[in-house]
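Novice: Here it is, the structure in full.
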Amino acid sequence: MNAEPSDGDLVVRARRGDEPAMEALAHRYLRASYAVALSVLRHPADAEDVSQEALLTALRCLDQCRDPARFAAWLFQSVRHRALKQITHRRIRARHADEVERGAVVEADGERVVLRHRLLTALELLTPTQREVVLLHDLEGWTHPEIATALEVSEVMSRQHLFVARRAMREHLAHPSTEDSENG
Amino acid sequence: MDDQRLDLSSLDRHADPARYRQRVSALAAAALAPAPHPLLTQFVTWGRVAAAVGAVLAVVTWAVPRTTTPGSPPVASSRQVDPVFQVAAWARAGAIPGDANLLAFAGVSDAR
């Protein structure tokens with residue numbers, strides 16, 4: 001990532017209407033925004049919608065980003081805010097079981113759907129920060145320094161969150177509760 | 001420390017790189033496209049609210065006179081009933097209000 005321009009540079013260029021810079025920011029943060037939204041919503045389809053809306057709004061309102069170097073933190077704050085609003089309005093939790101029926105993803109592989117449901121249930125055991133860390137690290141492949149900057153925590157805390165989150169999730173996946181098995 | 005990644009690929013909504021690039025391009029293009037003027041957006045938003053309020057008022061205005069029962073002239077103070085509705089109710093009932101009714105309606109009793 002050393003040769004790539006910094007967030008600050010990209011934001012400054014994008015503010016001037018530089019399309020490649022805008023695209024680079026979108027490319028860098030669309031997946032990560034999804035991970036953050038998913039950590040709040042625990043619903044992939046809704047998380048995808050929220051992350052796209054939040055990123056689009058952020059890119060349109062780059063002038064409001066006071067510190068371009070902290071673009072990620074600013075963006076993630078907006079993603080979290082939107083995701084929480086979504087929960088309030090739609091009562092996402094009650095609809096977890098409906099995901100397959102809603103046709104969020106058309107999949108022939110039933111096992112994959114079951115696994116996804118179990119992962120989403122396991123994520124509920126974690127704190128919001130633990131969820132963000134584990135999703136950014138294990139789903140999006142971010143490093144601890146990157147996570148620490150974006151979430152404004154220390155690298156040590158990032159590692160600690162990841163460790164605790166993985167342990168809790170593994171434990172849950174190894175011994176799913178009765179309710180989880182019934183739902184799955 | 002635990003260095004083994006969890007397999008979260010079933011949660012991945014961006015597994016297809018070509019589709020991801022397409023989305024990114026669309027997003028960047030949308031971000032650069034001129035957004036609707038905020039004043040227009042506000043107008044549309046509040047216009048809807050105003051239309052809804054107007055519809056409710058129209059229904060109430062239409063329904064209230066129909067719910068008043070004909071018969072003896074209804075007596076009510078001017079604070080409770082709109083004068084137009086009150087007079088219309090008397091007219092529909094074909095009743096001539098007495099002095100006491102008119103005084104009560106005009107709120108004279110309140111002045112005491």
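Identifiers for the structure tokens are assigned positionally: chains receive A, B, ... in sequence, residues are indexed from 1 per chain, and ligands are indexed from 1 in the order shown.
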Could you give me, as a PyMOL selection string, the residues within 12 Å of Arg66 in chain A, counting only C-alpha atoms and dropping anything in the same chain fewer than 4 positions from it?

Specialist: chain A and resi 8+11-12+61-62+70-75

Novice: Output the selection as a PDB file, in the first residue's frame - N, CA and C atoms for each residue.

Specialist:
```pdb
ATOM      1  N   GLY A   8      -5.646  11.312   2.371  1.00  0.00           N
ATOM      2  CA  GLY A   8      -5.643  12.773   2.342  1.00  0.00           C
ATOM      3  C   GLY A   8      -5.469  13.305   0.922  1.00  0.00           C
ATOM      4  N   VAL A  11      -8.607  12.555  -1.166  1.00  0.00           N
ATOM      5  CA  VAL A  11      -9.745  13.423  -0.815  1.00  0.00           C
ATOM      6  C   VAL A  11      -9.554  14.814  -1.417  1.00  0.00           C
ATOM      7  N   VAL A  12      -8.332  15.332  -1.308  1.00  0.00           N
ATOM      8  CA  VAL A  12      -8.067  16.675  -1.851  1.00  0.00           C
ATOM      9  C   VAL A  12      -8.302  16.693  -3.362  1.00  0.00           C
ATOM     10  N   CYS A  61     -20.115  14.806  -0.316  1.00  0.00           N
ATOM     11  CA  CYS A  61     -19.955  15.859   0.698  1.00  0.00           C
ATOM     12  C   CYS A  61     -18.514  15.892   1.230  1.00  0.00           C
ATOM     13  N   LEU A  62     -17.571  15.684   0.377  1.00  0.00           N
ATOM     14  CA  LEU A  62     -16.174  15.641   0.820  1.00  0.00           C
ATOM     15  C   LEU A  62     -15.732  16.951   1.478  1.00  0.00           C
ATOM     16  N   ARG A  70      -8.157  11.722   7.880  1.00  0.00           N
ATOM     17  CA  ARG A  70      -9.004  10.858   8.707  1.00  0.00           C
ATOM     18  C   ARG A  70     -10.313  10.537   7.985  1.00  0.00           C
ATOM     19  N   PHE A  71     -10.219  10.432   6.679  1.00  0.00           N
ATOM     20  CA  PHE A  71     -11.417  10.156   5.869  1.00  0.00           C
ATOM     21  C   PHE A  71     -12.109   8.864   6.317  1.00  0.00           C
ATOM     22  N   ALA A  72     -11.307   7.822   6.572  1.00  0.00           N
ATOM     23  CA  ALA A  72     -11.902   6.518   6.924  1.00  0.00           C
ATOM     24  C   ALA A  72     -12.735   6.624   8.197  1.00  0.00           C
ATOM     25  N   ALA A  73     -12.186   7.283   9.214  1.00  0.00           N
ATOM     26  CA  ALA A  73     -12.911   7.412  10.479  1.00  0.00           C
ATOM     27  C   ALA A  73     -14.207   8.195  10.270  1.00  0.00           C
ATOM     28  N   TRP A  74     -14.107   9.244   9.477  1.00  0.00           N
ATOM     29  CA  TRP A  74     -15.288  10.087   9.181  1.00  0.00           C
ATOM     30  C   TRP A  74     -16.345   9.274   8.430  1.00  0.00           C
ATOM     31  N   LEU A  75     -15.901   8.539   7.439  1.00  0.00           N
ATOM     32  CA  LEU A  75     -16.825   7.726   6.649  1.00  0.00           C
ATOM     33  C   LEU A  75     -17.497   6.654   7.513  1.00  0.00           C
TER      34      LEU A  75
END
```

Novice: Up to 9 Å from chain B, what residues of chain A turn up? Count only C-alpha atoms and give them as a compact mmCIF listing (two decimals) with C-alpha atoms, in the first residue's frame.

Specialist:
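Written output follows (part-v3.txt):
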```txt
# COMPACT_ATOMS: atom_id res chain seq x y z
CA GLY A 17 -13.68 16.73 -9.20
CA ASP A 18 -10.89 14.32 -10.08
CA GLU A 19 -12.76 11.18 -11.17
CA PRO A 20 -9.88 8.69 -10.78
CA ALA A 21 -9.36 9.93 -7.21
CA MET A 22 -13.06 9.56 -6.51
CA GLU A 23 -12.98 6.05 -7.93
CA ALA A 24 -9.89 5.17 -5.91
CA LEU A 25 -11.63 6.23 -2.70
CA ALA A 26 -14.72 4.24 -3.62
CA HIS A 27 -12.60 1.22 -4.49
CA LEU A 30 -16.78 0.24 -0.46
CA ARG A 31 -15.91 -3.17 0.96
CA TYR A 34 -19.90 -2.88 4.00
CA ALA A 35 -18.00 -4.59 6.81
CA LEU A 38 -22.62 -5.46 8.57
CA PRO A 44 -25.79 -8.64 4.41
CA ALA A 45 -28.32 -7.22 1.96
CA GLU A 48 -24.74 -3.53 1.29
CA GLN A 52 -23.34 2.22 -0.70
CA LEU A 55 -20.21 6.10 0.73
CA LEU A 56 -22.05 7.94 -2.01
CA THR A 57 -23.13 10.66 0.41
CA ALA A 58 -19.62 10.93 1.81
CA LEU A 59 -18.11 11.28 -1.66
CA ARG A 60 -20.64 13.97 -2.52
CA CYS A 61 -19.95 15.86 0.70
CA VAL A 105 -28.74 -13.73 -2.55
CA ARG A 112 -23.55 -21.76 2.60
CA VAL A 113 -26.80 -20.14 3.72
CA LEU A 115 -23.12 -21.14 7.57
CA ARG A 116 -23.91 -17.50 6.91
CA LEU A 119 -21.83 -16.55 11.41
CA LEU A 120 -24.36 -13.74 11.74
CA VAL A 134 -13.06 -9.11 12.93
CA LEU A 135 -14.94 -8.20 9.75
CA HIS A 137 -9.53 -8.11 9.29
CA ASP A 138 -10.89 -11.51 8.36
CA LEU A 139 -13.40 -10.53 5.69
CA GLU A 140 -11.75 -7.52 4.09
CA ARG A 159 -5.26 -7.26 18.06
CA GLN A 160 -6.97 -7.82 21.39
CA LEU A 162 -9.63 -9.70 17.06
CA PHE A 163 -8.39 -12.34 19.45
CA ARG A 166 -12.32 -15.01 16.96
CA ARG A 167 -12.36 -17.07 20.13
CA MET A 169 -17.06 -16.96 17.27
CA ARG A 170 -15.14 -20.24 17.04
```

Novice: Rank A:Thr88, A:Gln64, A:Ser6, A:Thr129 by their smallest atom-to-atom distance to Val36 in chain A, using only C-alpha atoms, and report the top residue only.

Specialist: A:Thr129

Novice: Would you mind listing what lies within 10 Å of range 171-173 of chain A as a VMD selection string, with only C-alpha atoms counted and same-chain residues fewer than 6 positions away left out?

Specialist: chain A and resid 115 118 to 119 121 to 123 125 165 180

Novice: Find the distance between CA of Val164 in chain A and CA of Leu41 in chain A and write it in Å to one decimal.

Specialist: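 That distance, rounded to one decimal, is 20.2 Å.
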
Novice: Give me the residues near Arg82 in chain A as a PyMOL selection string, where near means some atom within 9 Å (using only C-alpha atoms) and where sequence neighbours in that chain fewer than 6 positions away do not count.

Specialist: chain A and resi 37+50-51+53-54

Novice: For the selection just defined, write its residues with all heavy atoms to a file, as an mmCIF file, in the first residue's frame.

Specialist:
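Output (part33.cif):
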```
data_model
loop_
_atom_site.group_PDB
_atom_site.id
_atom_site.type_symbol
_atom_site.label_atom_id
_atom_site.label_comp_id
_atom_site.auth_asym_id
_atom_site.auth_seq_id
_atom_site.Cartn_x
_atom_site.Cartn_y
_atom_site.Cartn_z
ATOM 1 N N ALA A 37 -20.978 -1.637 8.171
ATOM 2 C CA ALA A 37 -22.447 -1.693 8.198
ATOM 3 C C ALA A 37 -22.921 -3.075 8.654
ATOM 4 O O ALA A 37 -23.868 -3.188 9.432
ATOM 5 C CB ALA A 37 -23.003 -1.374 6.817
ATOM 6 N N VAL A 50 -26.827 0.081 2.824
ATOM 7 C CA VAL A 50 -26.417 1.178 3.707
ATOM 8 C C VAL A 50 -24.993 1.639 3.375
ATOM 9 O O VAL A 50 -24.720 2.839 3.307
ATOM 10 C CB VAL A 50 -26.510 0.730 5.187
ATOM 11 C CG1 VAL A 50 -25.727 1.662 6.096
ATOM 12 C CG2 VAL A 50 -27.963 0.699 5.623
ATOM 13 N N SER A 51 -24.112 0.692 3.133
ATOM 14 C CA SER A 51 -22.715 1.065 2.861
ATOM 15 C C SER A 51 -22.618 1.866 1.562
ATOM 16 O O SER A 51 -21.878 2.853 1.484
ATOM 17 C CB SER A 51 -21.820 -0.172 2.812
ATOM 18 O OG SER A 51 -22.264 -1.056 1.808
ATOM 19 N N GLU A 53 -25.009 3.720 0.166
ATOM 20 C CA GLU A 53 -25.619 5.049 0.374
ATOM 21 C C GLU A 53 -24.673 5.950 1.159
ATOM 22 O O GLU A 53 -24.481 7.121 0.818
ATOM 23 C CB GLU A 53 -26.929 4.909 1.155
ATOM 24 C CG GLU A 53 -28.081 4.375 0.337
ATOM 25 C CD GLU A 53 -29.252 3.944 1.221
ATOM 26 O OE1 GLU A 53 -29.318 4.371 2.385
ATOM 27 O OE2 GLU A 53 -30.085 3.168 0.735
ATOM 28 N N ALA A 54 -24.084 5.391 2.206
ATOM 29 C CA ALA A 54 -23.194 6.200 3.053
ATOM 30 C C ALA A 54 -21.961 6.647 2.276
ATOM 31 O O ALA A 54 -21.524 7.802 2.377
ATOM 32 C CB ALA A 54 -22.781 5.399 4.287
#
```

Novice: Find the residues near Val84 in chain B: any atom within 12 Å, counting only C-alpha atoms, skip ones fewer than 3 places away on the same chain, and give them as a PyMOL selection string.

Specialist: chain B and resi 61+64-65+78+81+87-91+105

Novice: Go ahead and compute the interatomic distance for CA of Arg90 in chain A and CA of Thr41 in chain B, in Å to one decimal.

Specialist: 23.5 Å

Novice: Run DSSP on the backbone of this structure and report the residues of range 11-166 of chain A it assigns to alpha helix (DSSP H), as a ChimeraX atom specification.

Specialist: /A:11-15,19-41,44-60,71-90,99-102,110-123,128-134,144-151,155-166

Novice: Go ahead and save the residues from that selection, with C-alpha atoms, as an mmCIF file, in the first residue's frame.

Specialist:
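The resulting file, selection-v2.cif, is reproduced below:
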```cif
data_model
loop_
_atom_site.group_PDB
_atom_site.id
_atom_site.type_symbol
_atom_site.label_atom_id
_atom_site.label_comp_id
_atom_site.auth_asym_id
_atom_site.auth_seq_id
_atom_site.Cartn_x
_atom_site.Cartn_y
_atom_site.Cartn_z
ATOM 1 C CA VAL A 11 -9.745 13.423 -0.815
ATOM 2 C CA VAL A 12 -8.067 16.675 -1.851
ATOM 3 C CA ARG A 13 -8.024 15.590 -5.498
ATOM 4 C CA ALA A 14 -11.568 14.233 -5.394
ATOM 5 C CA ARG A 15 -12.808 17.537 -3.980
ATOM 6 C CA GLU A 19 -12.761 11.179 -11.166
ATOM 7 C CA PRO A 20 -9.883 8.689 -10.776
ATOM 8 C CA ALA A 21 -9.358 9.933 -7.215
ATOM 9 C CA MET A 22 -13.060 9.556 -6.506
ATOM 10 C CA GLU A 23 -12.981 6.050 -7.926
ATOM 11 C CA ALA A 24 -9.889 5.168 -5.913
ATOM 12 C CA LEU A 25 -11.628 6.226 -2.703
ATOM 13 C CA ALA A 26 -14.724 4.245 -3.624
ATOM 14 C CA HIS A 27 -12.603 1.219 -4.490
ATOM 15 C CA ARG A 28 -10.697 1.460 -1.237
ATOM 16 C CA TYR A 29 -13.696 1.897 1.026
ATOM 17 C CA LEU A 30 -16.777 0.238 -0.458
ATOM 18 C CA ARG A 31 -15.907 -3.171 0.958
ATOM 19 C CA ALA A 32 -14.778 -1.741 4.280
ATOM 20 C CA SER A 33 -17.972 0.303 4.589
ATOM 21 C CA TYR A 34 -19.901 -2.878 3.996
ATOM 22 C CA ALA A 35 -17.998 -4.592 6.813
ATOM 23 C CA VAL A 36 -18.769 -1.742 9.198
ATOM 24 C CA ALA A 37 -22.447 -1.693 8.198
ATOM 25 C CA LEU A 38 -22.623 -5.457 8.569
ATOM 26 C CA SER A 39 -21.128 -5.225 12.038
ATOM 27 C CA VAL A 40 -24.084 -3.061 13.060
ATOM 28 C CA LEU A 41 -26.903 -4.594 11.017
ATOM 29 C CA PRO A 44 -25.789 -8.644 4.408
ATOM 30 C CA ALA A 45 -28.318 -7.225 1.957
ATOM 31 C CA ASP A 46 -29.187 -4.252 4.154
ATOM 32 C CA ALA A 47 -25.521 -3.716 4.985
ATOM 33 C CA GLU A 48 -24.738 -3.528 1.288
ATOM 34 C CA ASP A 49 -27.434 -0.897 0.713
ATOM 35 C CA VAL A 50 -26.417 1.178 3.707
ATOM 36 C CA SER A 51 -22.715 1.065 2.861
ATOM 37 C CA GLN A 52 -23.338 2.215 -0.700
ATOM 38 C CA GLU A 53 -25.619 5.049 0.374
ATOM 39 C CA ALA A 54 -23.194 6.200 3.053
ATOM 40 C CA LEU A 55 -20.206 6.096 0.734
ATOM 41 C CA LEU A 56 -22.050 7.941 -2.012
ATOM 42 C CA THR A 57 -23.134 10.657 0.409
ATOM 43 C CA ALA A 58 -19.616 10.926 1.811
ATOM 44 C CA LEU A 59 -18.109 11.284 -1.655
ATOM 45 C CA ARG A 60 -20.643 13.973 -2.518
ATOM 46 C CA PHE A 71 -11.417 10.156 5.869
ATOM 47 C CA ALA A 72 -11.902 6.518 6.924
ATOM 48 C CA ALA A 73 -12.911 7.412 10.479
ATOM 49 C CA TRP A 74 -15.288 10.087 9.181
ATOM 50 C CA LEU A 75 -16.825 7.726 6.649
ATOM 51 C CA PHE A 76 -17.243 4.870 9.126
ATOM 52 C CA GLN A 77 -18.966 7.186 11.570
ATOM 53 C CA SER A 78 -21.483 7.999 8.872
ATOM 54 C CA VAL A 79 -21.928 4.319 7.996
ATOM 55 C CA ARG A 80 -22.596 3.439 11.646
ATOM 56 C CA HIS A 81 -25.069 6.281 11.979
ATOM 57 C CA ARG A 82 -27.003 5.194 8.907
ATOM 58 C CA ALA A 83 -26.973 1.575 9.977
ATOM 59 C CA LEU A 84 -28.345 2.447 13.408
ATOM 60 C CA LYS A 85 -31.070 4.533 11.815
ATOM 61 C CA GLN A 86 -31.908 1.573 9.618
ATOM 62 C CA ILE A 87 -32.288 -0.650 12.674
ATOM 63 C CA THR A 88 -34.627 1.813 14.309
ATOM 64 C CA HIS A 89 -36.820 2.070 11.265
ATOM 65 C CA ARG A 90 -37.000 -1.476 10.082
ATOM 66 C CA GLU A 99 -33.223 -13.404 4.601
ATOM 67 C CA VAL A 100 -33.525 -16.433 2.387
ATOM 68 C CA GLU A 101 -37.152 -15.737 1.520
ATOM 69 C CA ARG A 102 -36.350 -12.127 0.667
ATOM 70 C CA GLY A 110 -27.955 -24.490 1.216
ATOM 71 C CA GLU A 111 -24.928 -25.154 3.397
ATOM 72 C CA ARG A 112 -23.552 -21.763 2.602
ATOM 73 C CA VAL A 113 -26.805 -20.140 3.718
ATOM 74 C CA VAL A 114 -26.731 -22.114 6.945
ATOM 75 C CA LEU A 115 -23.121 -21.141 7.567
ATOM 76 C CA ARG A 116 -23.906 -17.505 6.914
ATOM 77 C CA HIS A 117 -26.768 -17.613 9.370
ATOM 78 C CA ARG A 118 -24.520 -19.157 12.008
ATOM 79 C CA LEU A 119 -21.829 -16.548 11.413
ATOM 80 C CA LEU A 120 -24.362 -13.744 11.737
ATOM 81 C CA THR A 121 -25.651 -15.255 14.960
ATOM 82 C CA ALA A 122 -22.105 -15.584 16.252
ATOM 83 C CA LEU A 123 -21.446 -11.931 15.426
ATOM 84 C CA PRO A 128 -19.685 -3.465 18.053
ATOM 85 C CA THR A 129 -15.938 -2.762 17.956
ATOM 86 C CA GLN A 130 -15.073 -6.463 18.032
ATOM 87 C CA ARG A 131 -17.421 -7.024 15.121
ATOM 88 C CA GLU A 132 -15.863 -4.232 13.111
ATOM 89 C CA VAL A 133 -12.350 -5.493 13.787
ATOM 90 C CA VAL A 134 -13.055 -9.109 12.932
ATOM 91 C CA HIS A 144 -4.034 -3.961 12.273
ATOM 92 C CA PRO A 145 -2.364 -0.597 11.546
ATOM 93 C CA GLU A 146 -5.078 0.146 8.976
ATOM 94 C CA ILE A 147 -7.841 -0.891 11.360
ATOM 95 C CA ALA A 148 -6.313 1.092 14.214
ATOM 96 C CA THR A 149 -6.258 4.260 12.093
ATOM 97 C CA ALA A 150 -9.774 3.868 10.759
ATOM 98 C CA LEU A 151 -11.391 2.899 14.052
ATOM 99 C CA GLU A 155 -2.980 -1.517 17.308
ATOM 100 C CA VAL A 156 -2.752 -3.459 20.543
ATOM 101 C CA MET A 157 -6.467 -2.992 21.120
ATOM 102 C CA SER A 158 -7.178 -4.014 17.548
ATOM 103 C CA ARG A 159 -5.263 -7.262 18.060
ATOM 104 C CA GLN A 160 -6.974 -7.821 21.386
ATOM 105 C CA HIS A 161 -10.423 -7.294 19.882
ATOM 106 C CA LEU A 162 -9.628 -9.695 17.062
ATOM 107 C CA PHE A 163 -8.388 -12.344 19.453
ATOM 108 C CA VAL A 164 -11.466 -12.168 21.661
ATOM 109 C CA ALA A 165 -13.833 -12.009 18.702
ATOM 110 C CA ARG A 166 -12.322 -15.014 16.965
#
```

Novice: Report, in Å to a single decimal, how far apart CA of Ala69 in chain A and CA of Glu152 in chain A are.

Specialist: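 One can read the CA of Glu152 in chain A to CA of Ala69 in chain A distance as 12.3 Å.
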